[in-house]
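S.K.: Handing over entry01.tsv, TSV, C-alpha atoms.
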chain	number	residue	atom	x	y	z
A	1	MET	CA	-25.53	-9.35	-10.42
A	2	THR	CA	-27.96	-6.74	-9.04
A	3	ASP	CA	-25.46	-6.19	-6.21
A	4	ILE	CA	-22.75	-5.36	-8.72
A	5	LEU	CA	-24.97	-3.03	-10.76
A	6	GLN	CA	-26.05	-1.26	-7.58
A	7	PHE	CA	-22.40	-0.94	-6.53
A	8	ILE	CA	-21.65	0.75	-9.87
A	9	THR	CA	-24.58	3.16	-9.54
A	10	THR	CA	-23.72	4.19	-5.98
A	11	ASN	CA	-20.00	4.52	-6.66
A	12	LEU	CA	-20.06	6.10	-10.09
A	13	ASN	CA	-17.99	9.10	-8.96
A	14	MET	CA	-15.41	6.78	-7.44
A	15	ILE	CA	-15.22	4.78	-10.67
A	16	TYR	CA	-14.56	7.95	-12.69
A	17	ILE	CA	-11.80	9.04	-10.29
A	18	LEU	CA	-10.32	5.53	-10.41
A	19	ALA	CA	-10.17	5.41	-14.20
A	20	PHE	CA	-8.70	8.90	-14.62
A	21	ALA	CA	-6.20	8.43	-11.78
A	22	ILE	CA	-4.86	5.26	-13.43
A	23	PHE	CA	-4.04	7.18	-16.63
A	24	LEU	CA	-2.70	10.12	-14.63
A	25	GLY	CA	-0.33	7.81	-12.74
A	26	PHE	CA	0.95	6.32	-16.00
A	27	GLU	CA	1.53	9.78	-17.52
A	28	ILE	CA	3.25	11.32	-14.48
A	29	ILE	CA	5.93	8.66	-14.28
A	30	SER	CA	6.51	8.01	-17.96
A	31	LYS	CA	9.74	10.07	-18.34
A	32	VAL	CA	11.59	9.61	-15.06
A	33	PRO	CA	15.43	9.40	-15.25
A	34	THR	CA	17.07	6.23	-13.88
A	35	VAL	CA	18.79	8.03	-10.96
A	36	LEU	CA	15.39	8.99	-9.57
A	37	HIS	CA	13.94	5.46	-9.55
A	38	THR	CA	14.69	4.73	-5.89
A	39	PRO	CA	13.66	8.17	-4.49
A	40	LEU	CA	10.47	8.06	-6.55
A	41	MET	CA	9.68	4.56	-5.28
A	42	SER	CA	10.31	5.74	-1.74
A	43	GLY	CA	8.19	8.88	-2.22
A	44	SER	CA	5.23	7.05	-3.71
A	45	ASN	CA	5.56	4.44	-0.96
A	46	ALA	CA	5.22	7.26	1.58
A	47	ILE	CA	2.08	8.48	-0.21
A	48	SER	CA	0.53	5.04	0.31
A	49	GLY	CA	0.87	5.84	4.02
A	50	LEU	CA	-2.47	7.57	3.34
A	51	ILE	CA	-3.85	4.23	4.48
A	52	LEU	CA	-3.73	5.54	8.06
A	53	ILE	CA	-6.60	7.90	7.17
A	54	GLY	CA	-8.74	4.78	6.81
A	55	ALA	CA	-7.73	3.62	10.29
A	56	ILE	CA	-8.47	7.08	11.73
A	57	LEU	CA	-11.94	7.17	10.13
A	58	LEU	CA	-12.69	3.66	11.45
A	59	ILE	CA	-11.51	4.46	14.96
A	60	ARG	CA	-13.71	7.56	15.07
A	61	VAL	CA	-16.93	5.61	14.47
A	62	THR	CA	-16.04	2.74	16.83
A	63	PRO	CA	-17.96	2.64	20.16
A	64	SER	CA	-15.68	3.78	22.98
A	65	ASP	CA	-15.98	0.46	24.85
A	66	ASN	CA	-15.09	-1.78	21.90
A	67	TYR	CA	-11.50	-2.28	22.97
A	68	ILE	CA	-10.53	-5.03	20.49
A	69	THR	CA	-11.36	-2.82	17.51
A	70	LEU	CA	-9.83	0.26	19.15
A	71	ILE	CA	-6.53	-1.50	19.81
A	72	LEU	CA	-6.38	-3.09	16.34
A	73	ALA	CA	-7.13	0.28	14.74
A	74	THR	CA	-4.50	1.99	16.91
A	75	PHE	CA	-1.96	-0.50	15.56
A	76	GLY	CA	-3.28	0.30	12.08
A	77	ILE	CA	-2.55	3.98	12.74
A	78	ILE	CA	0.90	3.21	14.18
A	79	PHE	CA	1.97	1.11	11.16
A	80	GLY	CA	0.44	3.57	8.70
A	81	ALA	CA	2.16	6.49	10.44
A	82	VAL	CA	5.54	4.71	10.32
A	83	ASN	CA	4.99	4.26	6.58
A	84	ALA	CA	3.96	7.88	5.95
A	85	PHE	CA	6.29	9.84	8.26
A	86	GLY	CA	9.25	7.50	7.87
A	87	GLY	CA	8.73	7.29	4.12
A	88	PHE	CA	8.83	11.05	3.56
A	89	ALA	CA	11.81	11.44	5.92
A	90	VAL	CA	13.77	8.73	4.09
A	91	THR	CA	12.92	10.24	0.70
A	92	GLY	CA	14.05	13.65	1.97
A	93	ARG	CA	17.39	12.21	3.02
A	94	MET	CA	17.90	10.44	-0.30
A	95	LEU	CA	17.19	13.62	-2.24
A	96	GLU	CA	19.51	15.69	-0.03
A	97	MET	CA	22.36	13.31	-0.81
A	98	PHE	CA	21.39	13.50	-4.46
A	99	ASN	CA	21.51	17.33	-4.44
A	100	LYS	CA	24.90	17.37	-2.71
A	101	LYS	CA	26.30	15.10	-5.40
A	102	ARG	CA	24.94	17.35	-8.15
A	103	ASN	CA	26.38	20.51	-6.59
A	104	LYS	CA	29.92	19.08	-6.31
B	1	MET	CA	-18.29	23.83	7.54
B	2	ILE	CA	-18.16	20.43	5.83
B	3	VAL	CA	-17.52	22.12	2.50
B	4	LEU	CA	-14.33	23.65	3.96
B	5	PHE	CA	-13.02	20.18	4.78
B	6	ASP	CA	-13.94	19.01	1.30
B	7	ILE	CA	-12.02	21.92	-0.24
B	8	VAL	CA	-8.95	21.05	1.85
B	9	LEU	CA	-9.24	17.41	0.72
B	10	PHE	CA	-9.43	18.60	-2.89
B	11	ILE	CA	-6.33	20.77	-2.43
B	12	SER	CA	-4.40	17.90	-0.88
B	13	SER	CA	-5.33	15.64	-3.83
B	14	ILE	CA	-3.87	18.28	-6.17
B	15	LEU	CA	-0.78	18.50	-3.93
B	16	LEU	CA	-0.27	14.73	-4.28
B	17	ILE	CA	-0.47	14.90	-8.08
B	18	VAL	CA	1.87	17.91	-8.34
B	19	GLY	CA	4.21	16.38	-5.76
B	20	LEU	CA	4.50	13.11	-7.64
B	21	ARG	CA	5.04	15.02	-10.89
B	22	LYS	CA	7.85	17.10	-9.36
B	23	LEU	CA	9.38	13.97	-7.77
B	24	SER	CA	10.04	12.60	-11.23
B	25	HIS	CA	12.28	15.55	-12.27
B	26	PRO	CA	15.79	15.90	-10.76
B	27	GLU	CA	15.64	19.69	-10.17
B	28	SER	CA	12.29	19.74	-8.41
B	29	ALA	CA	12.35	16.36	-6.64
B	30	ASN	CA	12.98	17.79	-3.19
B	31	ASN	CA	10.05	20.21	-3.45
B	32	GLY	CA	7.90	17.40	-4.80
B	33	ASN	CA	8.60	15.33	-1.71
B	34	LYS	CA	7.59	18.23	0.55
B	35	LEU	CA	4.39	18.92	-1.42
B	36	ALA	CA	3.36	15.27	-1.28
B	37	ALA	CA	4.09	15.18	2.47
B	38	LEU	CA	1.95	18.31	2.91
B	39	GLY	CA	-0.85	16.65	0.94
B	40	VAL	CA	-0.80	13.55	3.14
B	41	GLY	CA	-0.54	15.71	6.30
B	42	LEU	CA	-3.59	17.79	5.32
B	43	GLY	CA	-5.47	14.58	4.55
B	44	ILE	CA	-4.72	13.28	8.06
B	45	VAL	CA	-5.85	16.54	9.68
B	46	VAL	CA	-9.12	16.48	7.72
B	47	ALA	CA	-9.68	12.81	8.65
B	48	ILE	CA	-9.27	13.69	12.33
B	49	PHE	CA	-11.74	16.60	12.35
B	50	TYR	CA	-14.20	15.73	9.54
B	51	PRO	CA	-17.76	15.64	10.95
B	52	LEU	CA	-19.13	12.07	10.84
B	53	GLU	CA	-22.65	10.74	11.45
B	54	THR	CA	-21.98	8.64	14.54
B	55	GLN	CA	-18.79	9.90	16.00
B	56	ASN	CA	-17.22	8.71	19.22
B	57	ASN	CA	-13.92	10.28	18.15
B	58	ASN	CA	-11.65	8.30	20.56
B	59	TYR	CA	-9.01	10.98	19.99
B	60	LEU	CA	-6.83	9.47	22.71
B	61	PHE	CA	-6.19	6.34	20.64
B	62	ILE	CA	-5.63	8.36	17.45
B	63	GLY	CA	-3.16	10.63	19.24
B	64	ILE	CA	-1.24	7.72	20.75
B	65	GLY	CA	-1.10	5.92	17.40
B	66	LEU	CA	0.10	8.95	15.46
B	67	LEU	CA	2.67	9.86	18.11
B	68	ILE	CA	4.20	6.37	18.41
B	69	GLY	CA	4.13	5.71	14.66
B	70	GLY	CA	5.50	9.14	13.79
B	71	ILE	CA	8.37	8.90	16.27
B	72	ILE	CA	9.34	5.37	15.21
B	73	GLY	CA	9.16	6.34	11.53
B	74	VAL	CA	11.16	9.55	11.73
B	75	ILE	CA	13.84	8.16	14.06
B	76	SER	CA	14.39	5.01	11.99
B	77	ALA	CA	14.47	7.15	8.82
B	78	LYS	CA	17.14	9.44	10.31
B	79	LYS	CA	19.25	6.60	11.69
B	80	VAL	CA	19.32	4.25	8.73
B	81	PRO	CA	22.66	4.29	6.87
B	82	MET	CA	22.53	5.47	3.25
B	83	THR	CA	23.45	2.02	1.95
B	84	ALA	CA	20.43	0.46	3.66
B	85	MET	CA	17.82	2.76	2.06
B	86	PRO	CA	16.10	0.23	-0.25
B	87	GLU	CA	15.46	-2.25	2.55
B	88	MET	CA	14.12	0.58	4.72
B	89	VAL	CA	11.63	1.45	1.97
B	90	SER	CA	10.65	-2.21	1.84
B	91	LEU	CA	10.12	-2.31	5.60
B	92	PHE	CA	7.95	0.85	5.54
B	93	ASN	CA	5.98	-0.53	2.61
B	94	GLY	CA	5.31	-3.74	4.53
B	95	PHE	CA	3.96	-1.71	7.44
B	96	GLY	CA	1.59	0.11	5.09
B	97	GLY	CA	0.33	-3.23	3.79
B	98	PHE	CA	-0.15	-4.50	7.34
B	99	SER	CA	-2.15	-1.39	8.18
B	100	ALA	CA	-4.43	-2.08	5.19
B	101	ALA	CA	-4.89	-5.68	6.30
B	102	LEU	CA	-5.78	-4.49	9.83
B	103	ILE	CA	-8.37	-2.09	8.42
B	104	SER	CA	-10.03	-4.96	6.55
B	105	LEU	CA	-9.92	-7.16	9.67
B	106	ILE	CA	-11.59	-4.39	11.70
B	107	TRP	CA	-14.29	-4.00	9.04
B	108	LEU	CA	-14.96	-7.76	9.21
B	109	ILE	CA	-15.05	-7.78	13.04
B	110	ASN	CA	-17.37	-4.76	13.16
B	111	ASN	CA	-19.76	-6.38	10.67
B	112	ASN	CA	-19.54	-9.89	12.21
B	113	SER	CA	-18.02	-11.04	8.88
B	114	ILE	CA	-21.38	-10.58	7.14
B	115	GLY	CA	-21.83	-8.45	4.03
B	116	ASN	CA	-23.20	-8.41	0.53
B	117	TYR	CA	-21.31	-9.76	-2.47
B	118	THR	CA	-19.47	-6.59	-3.51
B	119	ASP	CA	-18.60	-5.46	0.03
B	120	LEU	CA	-17.09	-8.83	0.94
B	121	THR	CA	-15.20	-9.06	-2.37
B	122	VAL	CA	-13.68	-5.63	-1.79
B	123	VAL	CA	-12.79	-6.26	1.86
B	124	LEU	CA	-11.36	-9.74	1.35
B	125	THR	CA	-9.31	-8.60	-1.66
B	126	ASN	CA	-7.95	-5.80	0.51
B	127	LEU	CA	-7.13	-8.26	3.31
B	128	PHE	CA	-5.35	-10.58	0.87
B	129	LEU	CA	-3.33	-7.84	-0.89
B	130	GLY	CA	-2.49	-6.18	2.45
B	131	PHE	CA	-1.02	-9.34	3.94
B	132	VAL	CA	0.77	-10.25	0.70
B	133	ALA	CA	2.35	-6.77	0.62
B	134	PHE	CA	3.28	-7.17	4.30
B	135	THR	CA	4.95	-10.58	4.28
B	136	GLY	CA	6.36	-10.05	0.79
B	137	SER	CA	8.03	-6.81	1.88
B	138	MET	CA	9.36	-8.49	5.01
B	139	VAL	CA	10.99	-11.24	2.91
B	140	ALA	CA	12.38	-8.60	0.54
B	141	TYR	CA	13.72	-6.70	3.56
B	142	GLY	CA	15.31	-9.87	4.91
B	143	LYS	CA	16.97	-10.66	1.58
B	144	LEU	CA	18.30	-7.12	1.05
B	145	SER	CA	19.65	-6.79	4.58
B	146	GLY	CA	21.34	-10.19	4.26
B	147	LYS	CA	19.33	-11.77	7.08
B	148	LEU	CA	17.72	-14.21	4.64
B	149	LYS	CA	19.82	-15.95	2.03
B	150	ASP	CA	18.44	-17.04	-1.33
B	151	LYS	CA	19.42	-20.64	-0.67
B	152	HIS	CA	17.37	-20.81	2.55
B	153	LEU	CA	14.21	-19.96	0.66
B	154	GLN	CA	14.17	-22.53	-2.09
B	155	ILE	CA	10.61	-23.66	-2.76
B	156	PRO	CA	10.18	-26.66	-5.04
B	157	TYR	CA	8.11	-25.87	-8.15
B	158	ALA	CA	7.70	-22.31	-6.89
B	159	THR	CA	5.88	-21.03	-9.99
B	160	ILE	CA	3.30	-23.82	-9.92
B	161	VAL	CA	2.83	-23.51	-6.15
B	162	ASN	CA	2.29	-19.77	-6.51
B	163	ILE	CA	-0.23	-20.07	-9.31
B	164	CYS	CA	-2.15	-22.70	-7.33
B	165	LEU	CA	-2.18	-20.56	-4.17
B	166	LEU	CA	-3.39	-17.55	-6.16
B	167	ILE	CA	-6.21	-19.56	-7.76
B	168	VAL	CA	-7.23	-20.91	-4.33
B	169	ALA	CA	-7.25	-17.36	-2.91
B	170	ILE	CA	-9.41	-15.99	-5.74
B	171	GLY	CA	-11.72	-19.00	-5.42
B	172	LEU	CA	-12.08	-18.49	-1.66
B	173	ILE	CA	-12.83	-14.76	-2.08
B	174	SER	CA	-15.60	-15.51	-4.60
B	175	PHE	CA	-16.94	-18.35	-2.43
B	176	PHE	CA	-17.08	-16.30	0.78
B	177	ALA	CA	-18.56	-13.32	-1.07
B	178	TYR	CA	-21.20	-15.59	-2.64
B	179	GLU	CA	-22.05	-17.07	0.78
B	180	GLY	CA	-22.33	-13.54	2.18
B	181	LYS	CA	-20.53	-14.49	5.39
B	182	LEU	CA	-17.47	-16.27	6.72
B	183	THR	CA	-16.84	-17.98	10.07
B	184	THR	CA	-13.91	-17.15	12.34
B	185	THR	CA	-12.16	-20.37	11.23
B	186	HIS	CA	-12.56	-19.35	7.58
B	187	LEU	CA	-11.18	-15.91	8.37
B	188	ILE	CA	-8.13	-17.36	10.13
B	189	LEU	CA	-7.48	-19.84	7.31
B	190	PHE	CA	-7.80	-17.10	4.69
B	191	THR	CA	-5.43	-14.86	6.66
B	192	VAL	CA	-2.87	-17.69	6.93
B	193	LEU	CA	-3.16	-18.30	3.17
B	194	SER	CA	-2.54	-14.60	2.45
B	195	VAL	CA	0.48	-14.53	4.75
B	196	ILE	CA	1.93	-17.67	3.15
B	197	TYR	CA	1.35	-16.42	-0.40
B	198	GLY	CA	3.32	-13.25	0.35
B	199	VAL	CA	6.31	-15.39	1.35
B	200	THR	CA	6.13	-17.87	-1.52
B	201	PHE	CA	5.63	-15.03	-4.02
B	202	VAL	CA	8.87	-13.23	-3.10
B	203	ALA	CA	11.01	-16.12	-1.81
B	204	PRO	CA	12.06	-17.61	-5.19
B	205	ILE	CA	13.11	-14.21	-6.61
B	206	GLY	CA	16.85	-13.54	-6.45
B	207	GLY	CA	18.27	-10.89	-4.12
B	208	ALA	CA	19.56	-8.78	-7.02
B	209	ASP	CA	16.03	-8.33	-8.37
B	210	MET	CA	14.66	-7.13	-5.03
B	211	PRO	CA	14.33	-3.40	-5.98
B	212	VAL	CA	11.94	-4.37	-8.79
B	213	VAL	CA	9.93	-6.55	-6.41
B	214	ILE	CA	9.79	-3.77	-3.80
B	215	SER	CA	8.46	-1.41	-6.45
B	216	LEU	CA	5.81	-3.97	-7.38
B	217	LEU	CA	4.84	-4.50	-3.72
B	218	ASN	CA	4.76	-0.71	-3.30
B	219	SER	CA	2.25	-0.55	-6.10
B	220	LEU	CA	0.24	-3.28	-4.32
B	221	THR	CA	0.16	-1.21	-1.12
B	222	GLY	CA	-1.08	1.72	-3.19
B	223	ILE	CA	-3.91	-0.43	-4.51
B	224	THR	CA	-4.84	-1.51	-0.97
B	225	ALA	CA	-4.91	2.17	0.05
B	226	ALA	CA	-7.28	2.85	-2.85
B	227	ILE	CA	-9.53	-0.07	-1.89
B	228	SER	CA	-9.58	1.17	1.72
B	229	GLY	CA	-10.59	4.53	0.26
B	230	ILE	CA	-13.60	2.86	-1.36
B	231	MET	CA	-14.41	1.08	1.93
B	232	THR	CA	-14.31	4.28	4.01
B	233	ASP	CA	-15.63	6.55	1.23
B	234	ASN	CA	-12.55	8.79	1.23
B	235	LYS	CA	-11.69	10.24	-2.18
B	236	LEU	CA	-8.17	11.33	-1.22
B	237	MET	CA	-7.21	7.76	-0.31
B	238	LEU	CA	-8.76	6.49	-3.53
B	239	LEU	CA	-6.93	9.01	-5.70
B	240	GLY	CA	-3.59	8.77	-3.87
B	241	GLY	CA	-3.73	4.98	-3.75
B	242	ILE	CA	-4.51	4.62	-7.44
B	243	LEU	CA	-1.76	7.13	-8.32
B	244	VAL	CA	0.75	5.08	-6.35
B	245	GLY	CA	-0.64	1.86	-7.80
B	246	SER	CA	-0.47	2.84	-11.45
B	247	SER	CA	2.75	4.85	-11.25
B	248	GLY	CA	4.26	1.97	-9.25
B	249	ILE	CA	3.52	-0.47	-12.05
B	250	ILE	CA	5.07	1.85	-14.66
B	251	LEU	CA	8.07	2.41	-12.39
B	252	THR	CA	8.45	-1.36	-11.96
B	253	LEU	CA	8.54	-1.80	-15.75
B	254	LEU	CA	11.03	1.08	-16.13
B	255	MET	CA	13.29	-0.47	-13.49
B	256	CYS	CA	13.16	-3.79	-15.31
B	257	THR	CA	14.17	-2.07	-18.56
B	258	ALA	CA	17.00	-0.25	-16.78
B	259	MET	CA	18.30	-3.60	-15.54
B	260	ASN	CA	17.84	-5.23	-18.96
B	261	ARG	CA	15.27	-7.66	-17.61
B	262	THR	CA	11.61	-8.37	-18.25
B	263	LEU	CA	9.03	-8.36	-15.47
B	264	ILE	CA	8.05	-11.96	-16.28
B	265	GLY	CA	11.74	-12.86	-16.16
B	266	VAL	CA	12.07	-11.34	-12.70
B	267	LEU	CA	8.90	-12.87	-11.26
B	268	PHE	CA	9.39	-16.35	-12.66
B	269	GLY	CA	13.18	-16.05	-12.74
B	270	ASN	CA	13.82	-19.58	-11.62
B	271	PHE	CA	13.21	-20.94	-15.06
B	272	SER	CA	13.42	-17.97	-17.37
B	273	ALA	CA	16.89	-17.12	-15.96
B	274	LYS	CA	18.15	-20.43	-17.33
B	275	LYS	CA	16.56	-19.69	-20.69
B	276	GLU	CA	18.21	-16.26	-20.84
B	277	ASP	CA	21.59	-17.81	-20.10
B	278	ALA	CA	21.07	-20.35	-22.84
B	279	GLY	CA	20.07	-17.59	-25.22
B	280	SER	CA	23.13	-15.46	-24.52
B	281	ASN	CA	25.43	-18.40	-24.98
In structure tokens, what does this structure look like?
M.R.:
Amino acid sequence: MTDILQFITTNLNMIYILAFAIFLGFEIISKVPTVLHTPLMSGSNAISGLILIGAILLIRVTPSDNYITLILATFGIIFGAVNAFGGFAVTGRMLEMFNKKRNK
Amino acid sequence: MIVLFDIVLFISSILLIVGLRKLSHPESANNGNKLAALGVGLGIVVAIFYPLETQNNNYLFIGIGLLIGGIIGVISAKKVPMTAMPEMVSLFNGFGGFSAALISLIWLINNNSIGNYTDLTVVLTNLFLGFVAFTGSMVAYGKLSGKLKDKHLQIPYATIVNICLLIVAIGLISFFAYEGKLTTTHLILFTVLSVIYGVTFVAPIGGADMPVVISLLNSLTGITAAISGIMTDNKLMLLGGILVGSSGIILTLLMCTAMNRTLIGVLFGNFSAKKEDAGSN
């Protein structure tokens, strides 16, 4: 119990961000038209490629001779980068097609 | 100097919010995508150069990872045919989940699997959700691309099996967190359980409902990104992850409504589908 209370005290800022971001996420998406469902899913999926930042931060504090961690974290970066870069590229292509259709 | 990095991080959080907002309007969607990409890009640059207490940098590994991942991602995104877009999103989403799971594994290895109650709860939850998002997305990819057929993935009493697995997973997380440590065998068993749950969670859901499931798994990956943000004390990851998580859940519900389905109906379709048929008759 003391652990949990201490966690709340040390992470109070985080908890505020978390709560407000949840409501923000709900509000942002509330009026999206049906045609945009797939591009929006793809775009927000690309944003979750942010995960590779975690791998980068971990790799930077790992001792240079700890090869197991380094290699695992490199794979973390590779998979995260595929998600982020590929995700935004795919979303871009979807939206291009969408714009072409609208212009015709 | 540090304050400069913090300002950039703040700007990129705003870019993510504005980007997501613009993505949900037809006229501005393209700009929204670019803004969000810029936000993530700035976040990566800050993560690479942010001054840390004990830094060994290992820039070689970071460079190799970013290069390989970036090239694979962009090339596969350019090559995929338009009709195969949803399964591509699913594949990318699975990779994100796998990355989250790897981050948790690294945390556990670095700390010899020892930690206090809250740390272990956070890390193990992240590991579980990461692997579920990974294998779940892979199954969804397989179903959408036609490599896996619905009939090959029949699991008897799927709903009951899934609920049991979920209860076991939550029980194990609380147990390990209470113990304050877990052995290598425990870690492997828990990983296997997470991997299996991802499969059994998605397998019984019909191929036609896959977009809804992908959206749900996408929201899961967002939550893992947020949890990793708590683990590494990075506010951008926390904010971005939660945004994706909460907007993903709303998007999932909207998609269900667009398809005239309920989320419960999709997830436990194997018996509610029969009920719906009976009702319509």
S.K.: Using all atoms listed in the file, I'd like every residue of chain A that has an atom within 7 Å of chain B; please write them out as a tab-separated table (two decimals) with C-alpha atoms, in the frame of the given file.
M.R.:
chain	number	residue	atom	x	y	z
A	3	ASP	CA	-25.46	-6.19	-6.21
A	4	ILE	CA	-22.75	-5.36	-8.72
A	17	ILE	CA	-11.80	9.04	-10.29
A	18	LEU	CA	-10.32	5.53	-10.41
A	21	ALA	CA	-6.20	8.43	-11.78
A	22	ILE	CA	-4.86	5.26	-13.43
A	25	GLY	CA	-0.33	7.81	-12.74
A	26	PHE	CA	0.95	6.32	-16.00
A	28	ILE	CA	3.25	11.32	-14.48
A	29	ILE	CA	5.93	8.66	-14.28
A	32	VAL	CA	11.59	9.61	-15.06
A	36	LEU	CA	15.39	8.99	-9.57
A	40	LEU	CA	10.47	8.06	-6.55
A	41	MET	CA	9.68	4.56	-5.28
A	42	SER	CA	10.31	5.74	-1.74
A	43	GLY	CA	8.19	8.88	-2.22
A	44	SER	CA	5.23	7.05	-3.71
A	45	ASN	CA	5.56	4.44	-0.96
A	47	ILE	CA	2.08	8.48	-0.21
A	48	SER	CA	0.53	5.04	0.31
A	49	GLY	CA	0.87	5.84	4.02
A	50	LEU	CA	-2.47	7.57	3.34
A	51	ILE	CA	-3.85	4.23	4.48
A	53	ILE	CA	-6.60	7.90	7.17
A	54	GLY	CA	-8.74	4.78	6.81
A	55	ALA	CA	-7.73	3.62	10.29
A	56	ILE	CA	-8.47	7.08	11.73
A	57	LEU	CA	-11.94	7.17	10.13
A	59	ILE	CA	-11.51	4.46	14.96
A	60	ARG	CA	-13.71	7.56	15.07
A	61	VAL	CA	-16.93	5.61	14.47
A	62	THR	CA	-16.04	2.74	16.83
A	63	PRO	CA	-17.96	2.64	20.16
A	64	SER	CA	-15.68	3.78	22.98
A	69	THR	CA	-11.36	-2.82	17.51
A	72	LEU	CA	-6.38	-3.09	16.34
A	73	ALA	CA	-7.13	0.28	14.74
A	74	THR	CA	-4.50	1.99	16.91
A	75	PHE	CA	-1.96	-0.50	15.56
A	76	GLY	CA	-3.28	0.30	12.08
A	77	ILE	CA	-2.55	3.98	12.74
A	78	ILE	CA	0.90	3.21	14.18
A	79	PHE	CA	1.97	1.11	11.16
A	80	GLY	CA	0.44	3.57	8.70
A	81	ALA	CA	2.16	6.49	10.44
A	82	VAL	CA	5.54	4.71	10.32
A	83	ASN	CA	4.99	4.26	6.58
A	85	PHE	CA	6.29	9.84	8.26
A	86	GLY	CA	9.25	7.50	7.87
A	87	GLY	CA	8.73	7.29	4.12
A	88	PHE	CA	8.83	11.05	3.56
A	89	ALA	CA	11.81	11.44	5.92
A	90	VAL	CA	13.77	8.73	4.09
A	92	GLY	CA	14.05	13.65	1.97
A	95	LEU	CA	17.19	13.62	-2.24
S.K.: At what distance in Å, to one decimal, does CA of Ala46 in chain A lie from CA of Leu24 in chain A?
M.R.: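 We find that CA of Leu24 in chain A and CA of Ala46 in chain A lie 18.3 Å from each other.
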S.K.: Would you place a box with edges along x, y and z of the file around all atoms of range 74-81 of chain A listed there, add 4 Å to each of its six sides, and report the centre and edge lengths in Å to one decimal, as JSON?
M.R.:
{"center_x": -1.2, "center_y": 3.0, "center_z": 12.8, "size_x": 14.7, "size_y": 15.0, "size_z": 16.2}
S.K.: Which value, in Å to one decimal, gives the distance between CA of Ser137 in chain B and CA of Asn260 in chain B?
M.R.: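 Between CA of Ser137 in chain B and CA of Asn260 in chain B the gap is 23.1 Å.
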S.K.: Kindly extract all protein, DNA and RNA residues lying within 10 Å of the coordinates (-8.2, -9.9, -2.1) given in the file, considering only C-alpha atoms, and supply them as a list in words.
M.R.: Ala101, Leu120, Thr121, Val122, Val123, Leu124, Thr125, Asn126, Leu127, Phe128, Leu129, Gly130, Phe131, Val132, Leu166, Ala169, Ile170, Leu172, Ile173, Ser174, Phe190, Ser194, Thr224 and Ile227 of chain B
S.K.: Take the residues just selected and output them with C-alpha atoms as a short mmCIF file (atom, residue, chain, number, x, y, z; two decimals), in the coordinates of the input.
M.R.:
data_model
loop_
_atom_site.label_atom_id
_atom_site.label_comp_id
_atom_site.auth_asym_id
_atom_site.auth_seq_id
_atom_site.Cartn_x
_atom_site.Cartn_y
_atom_site.Cartn_z
CA ALA B 101 -4.89 -5.68 6.30
CA LEU B 120 -17.09 -8.83 0.94
CA THR B 121 -15.20 -9.06 -2.37
CA VAL B 122 -13.68 -5.63 -1.79
CA VAL B 123 -12.79 -6.26 1.86
CA LEU B 124 -11.36 -9.74 1.35
CA THR B 125 -9.31 -8.60 -1.66
CA ASN B 126 -7.95 -5.80 0.51
CA LEU B 127 -7.13 -8.26 3.31
CA PHE B 128 -5.35 -10.58 0.87
CA LEU B 129 -3.33 -7.84 -0.89
CA GLY B 130 -2.49 -6.18 2.45
CA PHE B 131 -1.02 -9.34 3.94
CA VAL B 132 0.77 -10.25 0.70
CA LEU B 166 -3.39 -17.55 -6.16
CA ALA B 169 -7.25 -17.36 -2.91
CA ILE B 170 -9.41 -15.99 -5.74
CA LEU B 172 -12.08 -18.49 -1.66
CA ILE B 173 -12.83 -14.76 -2.08
CA SER B 174 -15.60 -15.51 -4.60
CA PHE B 190 -7.80 -17.10 4.69
CA SER B 194 -2.54 -14.60 2.45
CA THR B 224 -4.84 -1.51 -0.97
CA ILE B 227 -9.53 -0.07 -1.89
#
